[in-house]
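In what follows, a structure is listed as structure tokens, so that the remarks can point back to it.
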Amino acid sequence: MTDNLFHQKFGHEPAVTVVAPGRINLIGEHIDYLGGEVMPIAIDRSLRIEASPVEGSVCEIFPEGLGIEESATFDLSELQVRREKSDIWLNYIIGVIAVYRDAGVMSPAFRASIESDLPVGAGLSSSAALETAIALVIESLSGIEQDVVDRALLCQRAEHDFAGVPCGIMDQMAVGAGKAGRVMRLNCGNLSHSYFPIPDGISILTADTGVTHALGDGEYRKRREDCEMVLRRLQLDSFATLAERGDMEKTKEKMGTRLFHRASHVVSEMARVESFSQALVTGDLDELGHIMRAGHESLRDDFEVSCVELDALVDAAYAIGKRGGVVGSRMTGGGFGGSTVSLVKTESAAEVKRSLEDFYQEKFGRDLNCFITTAVDGAHLVPSA
């Protein structure tokens, strides 16, 4: 990303610059919107927005690196959901401005440039990065500052109401509150969070399949609705209660096969988060690998959100195995495409990366966007030079 895109487009320096990272979730998938606990990190792939206020009520946005060809304008008096395919991406911006307005924070009109090296649709939370970055722009231009949790909740509301994705709070919290060298453990019910160290000598390898998922297309919503139906049929308030009872098999007839599998994933994934936390503290790499594999298999078989490419990459990583430097691997994100995340020995990371790229090219006939990353701090304003 360049440091002068805004100047190239508008002929002057920006008033505010924001960097918002993507995120990878190491364990705790599809349980954030059920009040479960998750363990994401913010990554060193990010989105950068430079912006300045303008007179009037028309905002002008120049995106680069989002797969969007043209700039866009919109009027602050018309903050409505965009339904044209070419304009859908604007909902993540318009939605945040609208929810801030509803919360009493009136953004001035602004012009902005957006750059990103986050793959779109790869399960790395490019949408949450965009929402959080816009939120920080609004706060800076309006002279206010939200708490990181309040900011995340506003961005989540924007995604619900304008993008039509009933997401949990994990992405916005990970993007906003990530810490360098640490894995966040976030309770999505009460938003309490703590941090665990990444073991020494371990790197994080992300492999983007290039299979683009669109979480607003219905399948994500169906999984959430299935889980809500489980609670209604069992007359429970939460899956934590179901996990505490320990009688999943007794509920199978009441739920039916599909819902039983959905519930099995949720309950087992909640347990995996606890085990993963303990393994990070003790540095038990074997246990981390077992937990990640079990998590992927549960997402594949019980929740049915994986795909052929994701499964093949996870199998390929475990075929490389401990001797080749692989600790563990699984799909990450909402599924139906996107990326895998692997924990690998740092000294072997480059070779594992090459091996997965070669495997993917040979099996699927296309390139794999594979990169080594690390945990970084969350979204922030960049000080003026």
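Residue numbering restarts at 1 for every chain of the structure tokens, chains are lettered A, B, ... in their displayed order, and ligands are numbered from 1 as they appear.
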
* All residues 10 Å or closer to Leu76 in chain A, only C-alpha atoms, same chain fewer than 5 positions away omitted, as a list in words ->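 My reading of the contact set: Gly56, Ser57, Val58, Cys59, Ile94, Ile97, Ala98, Arg101, Met106, Ser107, Pro108, Ala109 and Phe110 of chain A.
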
Write out as JSON lines the residues of range 277-368 of chain A that have any atom within 10 Å of an atom of range 190-198 of chain A, one row each with the nearest atom pair and its distance in Å to one decimal, counting only C-alpha atoms, sorted by chain and then rising number.
{"residue": "A:Ser277", "atom": "CA", "partner": "A:Phe196", "partner_atom": "CA", "distance": 7.2}
{"residue": "A:Gln278", "atom": "CA", "partner": "A:Phe196", "partner_atom": "CA", "distance": 9.3}
{"residue": "A:Leu280", "atom": "CA", "partner": "A:Pro197", "partner_atom": "CA", "distance": 6.7}
{"residue": "A:Val281", "atom": "CA", "partner": "A:Phe196", "partner_atom": "CA", "distance": 7.0}
{"residue": "A:Gly283", "atom": "CA", "partner": "A:Ile198", "partner_atom": "CA", "distance": 8.5}
{"residue": "A:Leu343", "atom": "CA", "partner": "A:Ile198", "partner_atom": "CA", "distance": 9.7}

* Mind the document's chain letters and residue numbers, and return as a list in words the residues of range 111-229 of chain A that DSSP labels strand (DSSP E). =>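 Those in range 111-229 of chain A that DSSP calls strand (DSSP E) are Arg111, Ala112, Ser113, Ile114, Glu115, Ser116, Arg182, Val183, Met184, Arg185, Leu186, Asn187, His193, Ser194, Tyr195, Phe196, Pro197, Ile202, Ser203, Ile204, Leu205, Thr206, Ala207 and Asp208 of chain A.
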
Write out, as a PDB file, in the first residue's frame, the residues just selected, with N, CA and C atoms.
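For reference, result.pdb as written:
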ATOM      1  N   ARG A 111     -14.176  13.098   2.029  1.00  0.00           N
ATOM      2  CA  ARG A 111     -13.642  12.359   0.891  1.00  0.00           C
ATOM      3  C   ARG A 111     -12.570  11.421   1.430  1.00  0.00           C
ATOM      4  N   ALA A 112     -12.459  10.252   0.830  1.00  0.00           N
ATOM      5  CA  ALA A 112     -11.556   9.241   1.385  1.00  0.00           C
ATOM      6  C   ALA A 112     -10.992   8.354   0.290  1.00  0.00           C
ATOM      7  N   SER A 113      -9.795   7.885   0.513  1.00  0.00           N
ATOM      8  CA  SER A 113      -9.211   6.821  -0.308  1.00  0.00           C
ATOM      9  C   SER A 113      -9.093   5.585   0.556  1.00  0.00           C
ATOM     10  N   ILE A 114      -9.302   4.425  -0.065  1.00  0.00           N
ATOM     11  CA  ILE A 114      -9.221   3.155   0.652  1.00  0.00           C
ATOM     12  C   ILE A 114      -8.244   2.256  -0.089  1.00  0.00           C
ATOM     13  N   GLU A 115      -7.295   1.707   0.632  1.00  0.00           N
ATOM     14  CA  GLU A 115      -6.372   0.713   0.082  1.00  0.00           C
ATOM     15  C   GLU A 115      -6.418  -0.526   0.964  1.00  0.00           C
ATOM     16  N   SER A 116      -6.187  -1.684   0.375  1.00  0.00           N
ATOM     17  CA  SER A 116      -6.233  -2.914   1.159  1.00  0.00           C
ATOM     18  C   SER A 116      -5.387  -3.996   0.515  1.00  0.00           C
ATOM     19  N   ARG A 182      -0.334 -11.900  20.566  1.00  0.00           N
ATOM     20  CA  ARG A 182      -1.291 -12.504  21.483  1.00  0.00           C
ATOM     21  C   ARG A 182      -2.527 -13.011  20.735  1.00  0.00           C
ATOM     22  N   VAL A 183      -3.129 -14.066  21.300  1.00  0.00           N
ATOM     23  CA  VAL A 183      -4.421 -14.565  20.849  1.00  0.00           C
ATOM     24  C   VAL A 183      -5.468 -14.046  21.825  1.00  0.00           C
ATOM     25  N   MET A 184      -6.513 -13.434  21.307  1.00  0.00           N
ATOM     26  CA  MET A 184      -7.596 -12.956  22.166  1.00  0.00           C
ATOM     27  C   MET A 184      -8.544 -14.110  22.476  1.00  0.00           C
ATOM     28  N   ARG A 185      -8.953 -14.222  23.724  1.00  0.00           N
ATOM     29  CA  ARG A 185     -10.067 -15.095  24.075  1.00  0.00           C
ATOM     30  C   ARG A 185     -11.231 -14.188  24.439  1.00  0.00           C
ATOM     31  N   LEU A 186     -12.239 -14.216  23.592  1.00  0.00           N
ATOM     32  CA  LEU A 186     -13.362 -13.296  23.713  1.00  0.00           C
ATOM     33  C   LEU A 186     -14.636 -14.044  24.070  1.00  0.00           C
ATOM     34  N   ASN A 187     -15.265 -13.621  25.150  1.00  0.00           N
ATOM     35  CA  ASN A 187     -16.584 -14.128  25.498  1.00  0.00           C
ATOM     36  C   ASN A 187     -17.608 -13.272  24.760  1.00  0.00           C
ATOM     37  N   HIS A 193     -12.772 -10.107  27.678  1.00  0.00           N
ATOM     38  CA  HIS A 193     -11.731 -10.713  26.845  1.00  0.00           C
ATOM     39  C   HIS A 193     -10.388 -10.695  27.567  1.00  0.00           C
ATOM     40  N   SER A 194      -9.584 -11.674  27.235  1.00  0.00           N
ATOM     41  CA  SER A 194      -8.240 -11.812  27.793  1.00  0.00           C
ATOM     42  C   SER A 194      -7.315 -12.262  26.664  1.00  0.00           C
ATOM     43  N   TYR A 195      -6.034 -12.368  26.965  1.00  0.00           N
ATOM     44  CA  TYR A 195      -5.063 -12.645  25.915  1.00  0.00           C
ATOM     45  C   TYR A 195      -4.124 -13.779  26.323  1.00  0.00           C
ATOM     46  N   PHE A 196      -3.762 -14.589  25.332  1.00  0.00           N
ATOM     47  CA  PHE A 196      -2.890 -15.736  25.552  1.00  0.00           C
ATOM     48  C   PHE A 196      -1.707 -15.644  24.595  1.00  0.00           C
ATOM     49  N   PRO A 197      -0.530 -16.081  25.047  1.00  0.00           N
ATOM     50  CA  PRO A 197       0.657 -15.961  24.187  1.00  0.00           C
ATOM     51  C   PRO A 197       0.662 -16.997  23.068  1.00  0.00           C
ATOM     52  N   ILE A 202       6.513 -20.255  16.704  1.00  0.00           N
ATOM     53  CA  ILE A 202       5.339 -20.646  15.917  1.00  0.00           C
ATOM     54  C   ILE A 202       4.878 -19.463  15.066  1.00  0.00           C
ATOM     55  N   SER A 203       4.667 -19.725  13.796  1.00  0.00           N
ATOM     56  CA  SER A 203       4.115 -18.737  12.871  1.00  0.00           C
ATOM     57  C   SER A 203       2.732 -19.184  12.421  1.00  0.00           C
ATOM     58  N   ILE A 204       2.013 -18.246  11.846  1.00  0.00           N
ATOM     59  CA  ILE A 204       0.644 -18.504  11.385  1.00  0.00           C
ATOM     60  C   ILE A 204       0.630 -18.407   9.869  1.00  0.00           C
ATOM     61  N   LEU A 205       0.201 -19.489   9.237  1.00  0.00           N
ATOM     62  CA  LEU A 205       0.184 -19.567   7.779  1.00  0.00           C
ATOM     63  C   LEU A 205      -1.269 -19.571   7.311  1.00  0.00           C
ATOM     64  N   THR A 206      -1.615 -18.601   6.502  1.00  0.00           N
ATOM     65  CA  THR A 206      -2.968 -18.490   5.969  1.00  0.00           C
ATOM     66  C   THR A 206      -2.961 -18.853   4.496  1.00  0.00           C
ATOM     67  N   ALA A 207      -3.905 -19.669   4.092  1.00  0.00           N
ATOM     68  CA  ALA A 207      -4.005 -20.103   2.700  1.00  0.00           C
ATOM     69  C   ALA A 207      -5.387 -19.760   2.174  1.00  0.00           C
ATOM     70  N   ASP A 208      -5.451 -18.766   1.315  1.00  0.00           N
ATOM     71  CA  ASP A 208      -6.710 -18.311   0.732  1.00  0.00           C
ATOM     72  C   ASP A 208      -7.006 -19.133  -0.512  1.00  0.00           C
TER      73      ASP A 208
END

* Name the residues of range 24-102 of chain A that come out as alpha helix (DSSP H) in a backbone DSSP run; write them as a VMD selection string. => chain A and resid 91 to 102

* Structure fact -> Residue with the minimum atom-to-atom distance to Ser268 in chain A, picked from A:Val175, A:Leu154, A:Ile291, A:Val211 with only C-alpha atoms counted, is A:Ile291

* Asked: Excluding same-chain residues fewer than 4 positions from Leu313 in chain A, what lies within 10 Å of it counting only C-alpha atoms, as a list in words?
  ->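 With the cut-off at 10 Å, the set is Ala207, Asp208, Thr209, Val308, Glu309, Ala317, Tyr318, Ala319, Ser329, Arg330, Met331, Ser339, Thr340, Val341, Ser342, Leu356, Glu357, Phe359 and Tyr360 of chain A.
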
* How far is it from CA of Gly325 in chain A to CA of Val344 in chain A, in Å with one decimal? -> 5.5 Å

With a distance cut-off of 12 Å and only C-alpha atoms, select the neighbouring residues of Glu50 in chain A, excluding the residue or stretch itself and same-chain residues fewer than 2 positions from it, and output the selection as a PDB file with N, CA and C atoms, in the first residue's frame.
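The result, written out as result_31.pdb:
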ATOM      1  N   MET A   1       0.842  -1.197   0.000  1.00  0.00           N
ATOM      2  CA  MET A   1       0.000   0.000   0.000  1.00  0.00           C
ATOM      3  C   MET A   1       0.882   1.254   0.000  1.00  0.00           C
ATOM      4  N   THR A   2       0.418   2.295  -0.673  1.00  0.00           N
ATOM      5  CA  THR A   2       1.182   3.522  -0.780  1.00  0.00           C
ATOM      6  C   THR A   2       0.821   4.474   0.351  1.00  0.00           C
ATOM      7  N   ASP A   3       1.663   5.497   0.530  1.00  0.00           N
ATOM      8  CA  ASP A   3       1.386   6.510   1.537  1.00  0.00           C
ATOM      9  C   ASP A   3       0.804   7.776   0.932  1.00  0.00           C
ATOM     10  N   ASN A   4       0.598   7.798  -0.382  1.00  0.00           N
ATOM     11  CA  ASN A   4       0.170   9.042  -1.014  1.00  0.00           C
ATOM     12  C   ASN A   4      -1.007   8.861  -1.960  1.00  0.00           C
ATOM     13  N   LEU A   5      -1.793   7.792  -1.819  1.00  0.00           N
ATOM     14  CA  LEU A   5      -2.937   7.597  -2.699  1.00  0.00           C
ATOM     15  C   LEU A   5      -3.927   8.749  -2.556  1.00  0.00           C
ATOM     16  N   PHE A   6      -4.206   9.172  -1.334  1.00  0.00           N
ATOM     17  CA  PHE A   6      -5.146  10.260  -1.123  1.00  0.00           C
ATOM     18  C   PHE A   6      -4.665  11.519  -1.836  1.00  0.00           C
ATOM     19  N   HIS A   7      -3.382  11.815  -1.700  1.00  0.00           N
ATOM     20  CA  HIS A   7      -2.821  13.003  -2.355  1.00  0.00           C
ATOM     21  C   HIS A   7      -2.929  12.888  -3.862  1.00  0.00           C
ATOM     22  N   GLN A   8      -2.697  11.696  -4.406  1.00  0.00           N
ATOM     23  CA  GLN A   8      -2.819  11.492  -5.847  1.00  0.00           C
ATOM     24  C   GLN A   8      -4.242  11.754  -6.324  1.00  0.00           C
ATOM     25  N   LYS A   9      -5.219  11.361  -5.557  1.00  0.00           N
ATOM     26  CA  LYS A   9      -6.619  11.489  -5.961  1.00  0.00           C
ATOM     27  C   LYS A   9      -7.168  12.896  -5.737  1.00  0.00           C
ATOM     28  N   PHE A  10      -6.750  13.529  -4.639  1.00  0.00           N
ATOM     29  CA  PHE A  10      -7.417  14.772  -4.240  1.00  0.00           C
ATOM     30  C   PHE A  10      -6.500  15.994  -4.229  1.00  0.00           C
ATOM     31  N   HIS A  12      -4.191  16.978  -2.042  1.00  0.00           N
ATOM     32  CA  HIS A  12      -3.751  17.514  -0.753  1.00  0.00           C
ATOM     33  C   HIS A  12      -3.621  16.366   0.236  1.00  0.00           C
ATOM     34  N   GLU A  13      -3.041  16.657   1.390  1.00  0.00           N
ATOM     35  CA  GLU A  13      -2.820  15.620   2.391  1.00  0.00           C
ATOM     36  C   GLU A  13      -4.113  15.336   3.167  1.00  0.00           C
ATOM     37  N   PRO A  14      -4.296  14.106   3.638  1.00  0.00           N
ATOM     38  CA  PRO A  14      -5.503  13.779   4.418  1.00  0.00           C
ATOM     39  C   PRO A  14      -5.444  14.362   5.815  1.00  0.00           C
ATOM     40  N   ALA A  15      -6.618  14.538   6.394  1.00  0.00           N
ATOM     41  CA  ALA A  15      -6.690  15.001   7.776  1.00  0.00           C
ATOM     42  C   ALA A  15      -6.533  13.848   8.757  1.00  0.00           C
ATOM     43  N   VAL A  16      -6.899  12.642   8.323  1.00  0.00           N
ATOM     44  CA  VAL A  16      -6.854  11.486   9.213  1.00  0.00           C
ATOM     45  C   VAL A  16      -6.486  10.241   8.409  1.00  0.00           C
ATOM     46  N   THR A  17      -5.677   9.388   9.017  1.00  0.00           N
ATOM     47  CA  THR A  17      -5.304   8.104   8.416  1.00  0.00           C
ATOM     48  C   THR A  17      -5.557   7.002   9.436  1.00  0.00           C
ATOM     49  N   VAL A  18      -6.224   5.954   8.990  1.00  0.00           N
ATOM     50  CA  VAL A  18      -6.572   4.824   9.863  1.00  0.00           C
ATOM     51  C   VAL A  18      -6.091   3.538   9.216  1.00  0.00           C
ATOM     52  N   VAL A  19      -5.540   2.646  10.014  1.00  0.00           N
ATOM     53  CA  VAL A  19      -5.187   1.297   9.572  1.00  0.00           C
ATOM     54  C   VAL A  19      -5.992   0.302  10.400  1.00  0.00           C
ATOM     55  N   ALA A  20      -6.679  -0.607   9.711  1.00  0.00           N
ATOM     56  CA  ALA A  20      -7.475  -1.632  10.387  1.00  0.00           C
ATOM     57  C   ALA A  20      -7.071  -3.000   9.861  1.00  0.00           C
ATOM     58  N   LEU A  47      -6.339  -2.889   5.999  1.00  0.00           N
ATOM     59  CA  LEU A  47      -7.022  -1.905   5.170  1.00  0.00           C
ATOM     60  C   LEU A  47      -6.644  -0.528   5.699  1.00  0.00           C
ATOM     61  N   ARG A  48      -6.376   0.394   4.782  1.00  0.00           N
ATOM     62  CA  ARG A  48      -5.940   1.747   5.147  1.00  0.00           C
ATOM     63  C   ARG A  48      -6.908   2.767   4.536  1.00  0.00           C
ATOM     64  N   SER A  52     -10.479  13.296   4.624  1.00  0.00           N
ATOM     65  CA  SER A  52     -10.559  14.688   5.045  1.00  0.00           C
ATOM     66  C   SER A  52     -12.005  15.155   4.927  1.00  0.00           C
ATOM     67  N   PRO A  53     -12.431  16.057   5.807  1.00  0.00           N
ATOM     68  CA  PRO A  53     -13.797  16.573   5.715  1.00  0.00           C
ATOM     69  C   PRO A  53     -13.953  17.509   4.527  1.00  0.00           C
ATOM     70  N   GLU A  60     -17.284  11.233  -0.944  1.00  0.00           N
ATOM     71  CA  GLU A  60     -16.664  10.669  -2.144  1.00  0.00           C
ATOM     72  C   GLU A  60     -15.599   9.664  -1.709  1.00  0.00           C
ATOM     73  N   ILE A  61     -15.681   8.440  -2.235  1.00  0.00           N
ATOM     74  CA  ILE A  61     -14.801   7.354  -1.811  1.00  0.00           C
ATOM     75  C   ILE A  61     -14.061   6.788  -3.021  1.00  0.00           C
ATOM     76  N   PHE A  62     -12.734   6.711  -2.922  1.00  0.00           N
ATOM     77  CA  PHE A  62     -11.921   6.055  -3.937  1.00  0.00           C
ATOM     78  C   PHE A  62     -11.366   4.757  -3.350  1.00  0.00           C
ATOM     79  N   PRO A  63     -11.890   3.603  -3.757  1.00  0.00           N
ATOM     80  CA  PRO A  63     -11.368   2.326  -3.245  1.00  0.00           C
ATOM     81  C   PRO A  63     -10.287   1.764  -4.168  1.00  0.00           C
ATOM     82  N   GLU A  64      -9.310   1.134  -3.571  1.00  0.00           N
ATOM     83  CA  GLU A  64      -8.279   0.448  -4.342  1.00  0.00           C
ATOM     84  C   GLU A  64      -7.902  -0.830  -3.594  1.00  0.00           C
ATOM     85  N   PHE A 110     -17.156  13.732   3.935  1.00  0.00           N
ATOM     86  CA  PHE A 110     -15.717  13.572   3.782  1.00  0.00           C
ATOM     87  C   PHE A 110     -15.398  12.922   2.440  1.00  0.00           C
ATOM     88  N   ARG A 111     -14.176  13.098   2.029  1.00  0.00           N
ATOM     89  CA  ARG A 111     -13.642  12.359   0.891  1.00  0.00           C
ATOM     90  C   ARG A 111     -12.570  11.421   1.430  1.00  0.00           C
ATOM     91  N   ALA A 112     -12.459  10.252   0.830  1.00  0.00           N
ATOM     92  CA  ALA A 112     -11.556   9.241   1.385  1.00  0.00           C
ATOM     93  C   ALA A 112     -10.992   8.354   0.290  1.00  0.00           C
ATOM     94  N   SER A 113      -9.795   7.885   0.513  1.00  0.00           N
ATOM     95  CA  SER A 113      -9.211   6.821  -0.308  1.00  0.00           C
ATOM     96  C   SER A 113      -9.093   5.585   0.556  1.00  0.00           C
ATOM     97  N   ILE A 114      -9.302   4.425  -0.065  1.00  0.00           N
ATOM     98  CA  ILE A 114      -9.221   3.155   0.652  1.00  0.00           C
ATOM     99  C   ILE A 114      -8.244   2.256  -0.089  1.00  0.00           C
ATOM    100  N   GLU A 115      -7.295   1.707   0.632  1.00  0.00           N
ATOM    101  CA  GLU A 115      -6.372   0.713   0.082  1.00  0.00           C
ATOM    102  C   GLU A 115      -6.418  -0.526   0.964  1.00  0.00           C
ATOM    103  N   SER A 116      -6.187  -1.684   0.375  1.00  0.00           N
ATOM    104  CA  SER A 116      -6.233  -2.914   1.159  1.00  0.00           C
ATOM    105  C   SER A 116      -5.387  -3.996   0.515  1.00  0.00           C
ATOM    106  N   ALA A 133     -12.548   0.834  10.376  1.00  0.00           N
ATOM    107  CA  ALA A 133     -11.775   1.973   9.881  1.00  0.00           C
ATOM    108  C   ALA A 133     -12.675   3.184   9.660  1.00  0.00           C
ATOM    109  N   ILE A 134     -13.853   2.972   9.065  1.00  0.00           N
ATOM    110  CA  ILE A 134     -14.796   4.078   8.861  1.00  0.00           C
ATOM    111  C   ILE A 134     -15.244   4.647  10.208  1.00  0.00           C
ATOM    112  N   LEU A 136     -13.544   4.796  12.959  1.00  0.00           N
ATOM    113  CA  LEU A 136     -12.474   5.637  13.490  1.00  0.00           C
ATOM    114  C   LEU A 136     -12.357   6.946  12.721  1.00  0.00           C
ATOM    115  N   VAL A 137     -12.621   6.917  11.428  1.00  0.00           N
ATOM    116  CA  VAL A 137     -12.643   8.160  10.644  1.00  0.00           C
ATOM    117  C   VAL A 137     -13.741   9.082  11.168  1.00  0.00           C
ATOM    118  N   ILE A 138     -14.940   8.522  11.359  1.00  0.00           N
ATOM    119  CA  ILE A 138     -16.066   9.320  11.867  1.00  0.00           C
ATOM    120  C   ILE A 138     -15.721   9.925  13.223  1.00  0.00           C
ATOM    121  N   SER A 140     -12.771  10.530  14.544  1.00  0.00           N
ATOM    122  CA  SER A 140     -11.724  11.546  14.442  1.00  0.00           C
ATOM    123  C   SER A 140     -12.263  12.856  13.879  1.00  0.00           C
ATOM    124  N   LEU A 141     -13.075  12.764  12.809  1.00  0.00           N
ATOM    125  CA  LEU A 141     -13.610  13.971  12.182  1.00  0.00           C
ATOM    126  C   LEU A 141     -14.682  14.634  13.038  1.00  0.00           C
ATOM    127  N   LEU A 381      -5.515   4.949  14.705  1.00  0.00           N
ATOM    128  CA  LEU A 381      -5.173   6.135  13.937  1.00  0.00           C
ATOM    129  C   LEU A 381      -3.672   6.193  13.744  1.00  0.00           C
ATOM    130  N   VAL A 382      -3.244   6.610  12.568  1.00  0.00           N
ATOM    131  CA  VAL A 382      -1.809   6.770  12.293  1.00  0.00           C
ATOM    132  C   VAL A 382      -1.436   8.215  12.570  1.00  0.00           C
ATOM    133  N   PRO A 383      -0.457   8.467  13.456  1.00  0.00           N
ATOM    134  CA  PRO A 383      -0.080   9.852  13.759  1.00  0.00           C
ATOM    135  C   PRO A 383       0.386  10.596  12.519  1.00  0.00           C
ATOM    136  N   SER A 384       0.079  11.867  12.454  1.00  0.00           N
ATOM    137  CA  SER A 384       0.509  12.692  11.327  1.00  0.00           C
ATOM    138  C   SER A 384       2.024  12.806  11.327  1.00  0.00           C
TER     139      SER A 384
END

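For range 242-249 of chain A, the non-local neighbours within 12 Å, defined as residues at least 4 positions apart in the same chain or in other chains and counting only C-alpha atoms, are Gly36, Cys227, Val230, Leu231, Arg233, Leu234, Gln235, Leu236, Asp237, Ser238, Glu253, Lys254, Met255, Gly256, Thr257, Leu259, Phe260, His261, Arg262, Ala263, Ser264, His265, Val266, Val267, Ser268, Glu269, Met270 and Ala271 of chain A.
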
* To do: Between A:Glu139, A:Glu219, A:Glu84, A:Asp367, single out the one closest to Phe336 in chain A, counting only C-alpha atoms.
  =>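 Looking only at the distances to Phe336 in chain A, the closest residue turns out to be A:Glu219.
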
* If you measure from CA of Ala174 in chain A to CA of Asn25 in chain A, what distance in Å do you get, rounded to one decimal? -> 8.7 Å

* Asked: Out of A:Met39, A:Val327, A:Val376, A:Leu299, which residue has the shortest atom-to-atom distance to Asp286 in chain A when counting only C-alpha atoms?
  ->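 Closest to Asp286 in chain A, using only C-alpha atoms: A:Val327.
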
Might you pull out every residue within 12 Å of Cys167 in chain A, with only C-alpha atoms counted and same-chain residues fewer than 6 positions away left off, and present them as a compact mmCIF listing (two decimals) with N, CA and C atoms, in the first residue's frame?
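Result went into around.txt, see below:
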# COMPACT_ATOMS: atom_id res chain seq x y z
N GLU A 29 -15.39 -21.47 16.03
CA GLU A 29 -16.05 -21.03 14.80
C GLU A 29 -17.55 -21.25 14.85
N HIS A 30 -18.28 -20.25 14.38
CA HIS A 30 -19.75 -20.28 14.32
C HIS A 30 -20.37 -20.43 15.72
N ILE A 31 -19.69 -19.91 16.71
CA ILE A 31 -20.32 -19.87 18.04
C ILE A 31 -20.31 -18.45 18.60
N ASP A 32 -19.74 -17.51 17.87
CA ASP A 32 -19.73 -16.14 18.38
C ASP A 32 -21.14 -15.56 18.45
N TYR A 33 -21.96 -15.84 17.44
CA TYR A 33 -23.32 -15.30 17.45
C TYR A 33 -24.24 -16.07 18.39
N LEU A 34 -23.69 -17.07 19.08
CA LEU A 34 -24.45 -17.83 20.07
C LEU A 34 -23.96 -17.55 21.49
N GLY A 35 -23.14 -16.52 21.63
CA GLY A 35 -22.64 -16.15 22.94
C GLY A 35 -21.48 -17.00 23.42
N SER A 125 -12.17 -11.20 7.36
CA SER A 125 -12.87 -10.06 7.94
C SER A 125 -12.52 -8.72 7.30
N SER A 127 -14.61 -7.04 5.71
CA SER A 127 -15.76 -6.18 5.97
C SER A 127 -15.67 -5.52 7.34
N ALA A 128 -15.27 -6.28 8.37
CA ALA A 128 -15.13 -5.70 9.70
C ALA A 128 -14.00 -4.68 9.75
N ALA A 152 -17.20 -1.61 18.44
CA ALA A 152 -17.46 -2.91 17.81
C ALA A 152 -18.95 -3.19 17.71
N LEU A 153 -19.70 -2.84 18.75
CA LEU A 153 -21.14 -3.08 18.74
C LEU A 153 -21.84 -2.23 17.68
N CYS A 155 -20.47 -1.18 14.87
CA CYS A 155 -20.11 -1.76 13.57
C CYS A 155 -20.88 -3.05 13.31
N GLN A 156 -21.07 -3.84 14.34
CA GLN A 156 -21.87 -5.06 14.20
C GLN A 156 -23.30 -4.72 13.79
N ARG A 157 -23.87 -3.69 14.41
CA ARG A 157 -25.23 -3.29 14.06
C ARG A 157 -25.31 -2.85 12.61
N ALA A 158 -24.30 -2.15 12.14
CA ALA A 158 -24.28 -1.72 10.74
C ALA A 158 -24.27 -2.92 9.80
N GLU A 159 -23.51 -3.96 10.15
CA GLU A 159 -23.45 -5.15 9.30
C GLU A 159 -24.79 -5.88 9.30
N HIS A 160 -25.44 -5.93 10.45
CA HIS A 160 -26.76 -6.55 10.52
C HIS A 160 -27.78 -5.79 9.67
N ASP A 161 -27.85 -4.48 9.89
CA ASP A 161 -28.94 -3.69 9.32
C ASP A 161 -28.72 -3.29 7.87
N MET A 173 -14.56 -7.13 17.20
CA MET A 173 -13.72 -7.06 18.40
C MET A 173 -12.27 -7.43 18.08
N CYS A 188 -18.26 -13.86 23.77
CA CYS A 188 -19.17 -13.09 22.93
C CYS A 188 -20.50 -12.83 23.60
N LEU A 215 -21.34 -14.12 2.66
CA LEU A 215 -22.10 -14.54 3.84
C LEU A 215 -23.54 -14.03 3.82
N GLY A 216 -23.81 -13.05 2.99
CA GLY A 216 -25.17 -12.55 2.92
C GLY A 216 -26.05 -13.37 2.01
N TYR A 220 -25.12 -18.75 5.62
CA TYR A 220 -24.70 -18.34 6.97
C TYR A 220 -25.93 -18.13 7.86
N ARG A 221 -26.90 -17.42 7.31
CA ARG A 221 -28.13 -17.16 8.07
C ARG A 221 -28.83 -18.46 8.43
N ARG A 223 -27.53 -21.36 9.06
CA ARG A 223 -26.86 -22.02 10.18
C ARG A 223 -27.26 -21.37 11.50
N ARG A 224 -27.32 -20.06 11.49
CA ARG A 224 -27.73 -19.37 12.71
C ARG A 224 -29.18 -19.70 13.07
N GLU A 225 -30.03 -19.74 12.08
CA GLU A 225 -31.43 -20.08 12.33
C GLU A 225 -31.57 -21.51 12.84
N GLY A 333 -13.06 -18.75 9.53
CA GLY A 333 -14.07 -17.86 8.98
C GLY A 333 -15.41 -18.55 8.82
N GLY A 334 -16.31 -17.89 8.10
CA GLY A 334 -17.67 -18.36 7.98
C GLY A 334 -17.84 -19.61 7.14

* Point-to-point distance from CA of Phe276 in chain A to CA of Leu288 in chain A, Å rounded to tenths ->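 Taking CA of Phe276 in chain A as the start and CA of Leu288 in chain A as the end point, the length is 6.1 Å.
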